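Undergrad: Sharing start-v6.pdb (PDB, C-alpha atoms) below.
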MODEL        1
ATOM      1  CA  MET F 228      50.616-201.814  21.390  1.00  0.00           C
ATOM      2  CA  LYS F 229      54.091-200.826  20.276  1.00  0.00           C
ATOM      3  CA  ASP F 230      52.603-198.640  17.540  1.00  0.00           C
ATOM      4  CA  ILE F 231      50.578-196.677  20.073  1.00  0.00           C
ATOM      5  CA  GLU F 232      53.521-196.337  22.448  1.00  0.00           C
ATOM      6  CA  GLU F 233      55.621-194.888  19.630  1.00  0.00           C
ATOM      7  CA  LEU F 234      52.841-192.542  18.553  1.00  0.00           C
ATOM      8  CA  PHE F 235      52.238-191.132  22.026  1.00  0.00           C
ATOM      9  CA  GLY F 236      55.875-191.268  23.147  1.00  0.00           C
ATOM     10  CA  GLU F 237      56.630-188.309  20.908  1.00  0.00           C
ATOM     11  CA  VAL F 238      53.654-186.324  22.180  1.00  0.00           C
ATOM     12  CA  CYS F 239      53.745-186.680  25.950  1.00  0.00           C
ATOM     13  CA  ASN F 240      56.507-184.152  26.549  1.00  0.00           C
ATOM     14  CA  ALA F 241      55.510-181.595  23.929  1.00  0.00           C
ATOM     15  CA  PRO F 242      53.824-178.288  24.731  1.00  0.00           C
ATOM     16  CA  LEU F 243      50.495-177.673  23.031  1.00  0.00           C
ATOM     17  CA  ALA F 244      51.998-175.155  20.614  1.00  0.00           C
ATOM     18  CA  LYS F 245      54.145-177.910  19.081  1.00  0.00           C
ATOM     19  CA  MET F 246      51.477-180.601  19.203  1.00  0.00           C
ATOM     20  CA  ASP F 247      49.368-181.434  16.156  1.00  0.00           C
ATOM     21  CA  LEU F 248      46.405-183.480  17.337  1.00  0.00           C
ATOM     22  CA  GLY F 249      45.230-183.900  13.761  1.00  0.00           C
ATOM     23  CA  LEU F 250      48.388-185.865  12.936  1.00  0.00           C
ATOM     24  CA  ILE F 251      48.111-187.827  16.170  1.00  0.00           C
ATOM     25  CA  PHE F 252      44.520-188.798  15.418  1.00  0.00           C
ATOM     26  CA  LYS F 253      45.431-189.684  11.858  1.00  0.00           C
ATOM     27  CA  GLY F 254      48.177-191.979  13.162  1.00  0.00           C
ATOM     28  CA  MET F 255      45.801-193.510  15.677  1.00  0.00           C
ATOM     29  CA  LEU F 256      43.159-194.166  13.024  1.00  0.00           C
ATOM     30  CA  GLU F 257      45.793-195.775  10.785  1.00  0.00           C
ATOM     31  CA  ILE F 258      46.790-198.090  13.648  1.00  0.00           C
ATOM     32  CA  LEU F 259      43.149-199.011  14.245  1.00  0.00           C
ATOM     33  CA  ARG F 260      42.550-199.660  10.555  1.00  0.00           C
ATOM     34  CA  SER F 261      45.714-201.745  10.147  1.00  0.00           C
ATOM     35  CA  ASN F 262      44.569-203.934  13.041  1.00  0.00           C
ATOM     36  CA  GLY F 263      41.058-204.356  11.651  1.00  0.00           C
ATOM     37  CA  LEU F 264      39.372-202.316  14.392  1.00  0.00           C
ATOM     38  CA  ALA F 265      36.386-200.022  13.905  1.00  0.00           C
ATOM     39  CA  VAL F 266      35.937-196.581  15.429  1.00  0.00           C
ATOM     40  CA  GLU F 267      32.772-196.164  17.476  1.00  0.00           C
ATOM     41  CA  GLY F 268      30.700-193.011  17.178  1.00  0.00           C
ATOM     42  CA  HIS F 269      31.514-191.892  20.726  1.00  0.00           C
ATOM     43  CA  PHE F 270      35.228-192.127  20.007  1.00  0.00           C
ATOM     44  CA  ALA F 271      34.878-190.126  16.780  1.00  0.00           C
ATOM     45  CA  THR F 272      32.987-187.440  18.721  1.00  0.00           C
ATOM     46  CA  LEU F 273      35.725-187.387  21.350  1.00  0.00           C
ATOM     47  CA  LEU F 274      38.372-186.874  18.660  1.00  0.00           C
ATOM     48  CA  THR F 275      36.427-184.001  17.142  1.00  0.00           C
ATOM     49  CA  ASN F 276      35.981-182.337  20.535  1.00  0.00           C
ATOM     50  CA  MET F 277      39.677-182.738  21.337  1.00  0.00           C
ATOM     51  CA  MET F 278      40.641-181.023  18.089  1.00  0.00           C
ATOM     52  CA  ILE F 279      38.380-178.097  18.991  1.00  0.00           C
ATOM     53  CA  LEU F 280      39.884-177.923  22.490  1.00  0.00           C
ATOM     54  CA  GLU F 281      43.363-177.991  20.969  1.00  0.00           C
ATOM     55  CA  GLY F 282      42.587-174.843  18.997  1.00  0.00           C
ATOM     56  CA  ILE F 283      41.156-173.075  22.037  1.00  0.00           C
ATOM     57  CA  GLY F 284      44.072-174.188  24.224  1.00  0.00           C
ATOM     58  CA  LYS F 285      46.663-172.972  21.723  1.00  0.00           C
ATOM     59  CA  GLU F 286      45.103-169.528  21.806  1.00  0.00           C
ATOM     60  CA  LEU F 287      44.853-169.386  25.594  1.00  0.00           C
ATOM     61  CA  ASP F 288      48.219-170.908  26.573  1.00  0.00           C
ATOM     62  CA  PRO F 289      50.404-172.417  23.830  1.00  0.00           C
ATOM     63  CA  LYS F 290      52.956-173.677  26.379  1.00  0.00           C
ATOM     64  CA  ILE F 291      50.530-175.932  28.258  1.00  0.00           C
ATOM     65  CA  ASN F 292      51.013-179.677  27.910  1.00  0.00           C
ATOM     66  CA  ILE F 293      47.481-181.030  27.595  1.00  0.00           C
ATOM     67  CA  VAL F 294      48.543-184.682  27.704  1.00  0.00           C
ATOM     68  CA  SER F 295      50.255-184.292  31.080  1.00  0.00           C
ATOM     69  CA  LYS F 296      47.304-182.318  32.459  1.00  0.00           C
ATOM     70  CA  ALA F 297      44.751-184.881  31.220  1.00  0.00           C
ATOM     71  CA  ALA F 298      46.762-187.917  32.367  1.00  0.00           C
ATOM     72  CA  SER F 299      45.669-187.567  35.978  1.00  0.00           C
ATOM     73  CA  PHE F 300      42.035-187.750  34.865  1.00  0.00           C
ATOM     74  CA  LEU F 301      42.561-190.628  32.464  1.00  0.00           C
ATOM     75  CA  LEU F 302      44.723-192.910  34.610  1.00  0.00           C
TER      76      LEU F 302
ENDMDL
END
Please rewrite the model in this file as structure tokens.

TA:
Amino acid sequence: MKDIEELFGEVCNAPLAKMDLGLIFKGMLEILRSNGLAVEGHFATLLTNMMILEGIGKELDPKINIVSKAASFLL
């Protein structure tokens, strides 16, 4: 849990232009692997879609903070 808090603690206040979802996903996959957890197909698809949305979002509004916008839908 602490690993995930550290990973996302750096991201939550960053605008999209400074966010690298590829590195975030890489860190998340490393945490999963180090804890012996597998990634389900639906989760892998979600990651791929989020990376595509990141690229679109950066072109439309690089200052938007996607994590803060998505939090209300996720929590």

Undergrad: Using all atoms listed in the file, determine which residues lie at most 9 Å from F:Glu281, disregarding the query and same-chain residues fewer than 5 positions distant; provide the list as number ranges by chain.

TA: F: 243, 246-248, 276, 286, 293

Undergrad: By how many Å are atom CA of F:Asp230 and atom CA of F:Leu259 apart?

TA: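 So the answer is 10.0 Å.
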
Undergrad: Could you state the separation of atom CA of F:Asn292 and atom CA of F:Glu232 in Å, given to one decimal place?

TA: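 Rounded to one decimal, the two atoms are 17.7 Å apart.
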
Undergrad: Could you tell me how far atom CA of F:Pro242 sits from atom CA of F:Glu257, in Å to one decimal place?

TA: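 So the two atoms, atom CA of F:Glu257 and atom CA of F:Pro242, lie 23.8 Å apart.
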
Undergrad: On this structure, the PyMOL selection byres ((chain F and resi 256) around 12) would catch which residues? List them as a VMD selection string, sorted by chain and number.

TA: chain F and resid 230 to 231 234 248 to 255 257 to 267 270 to 271 274
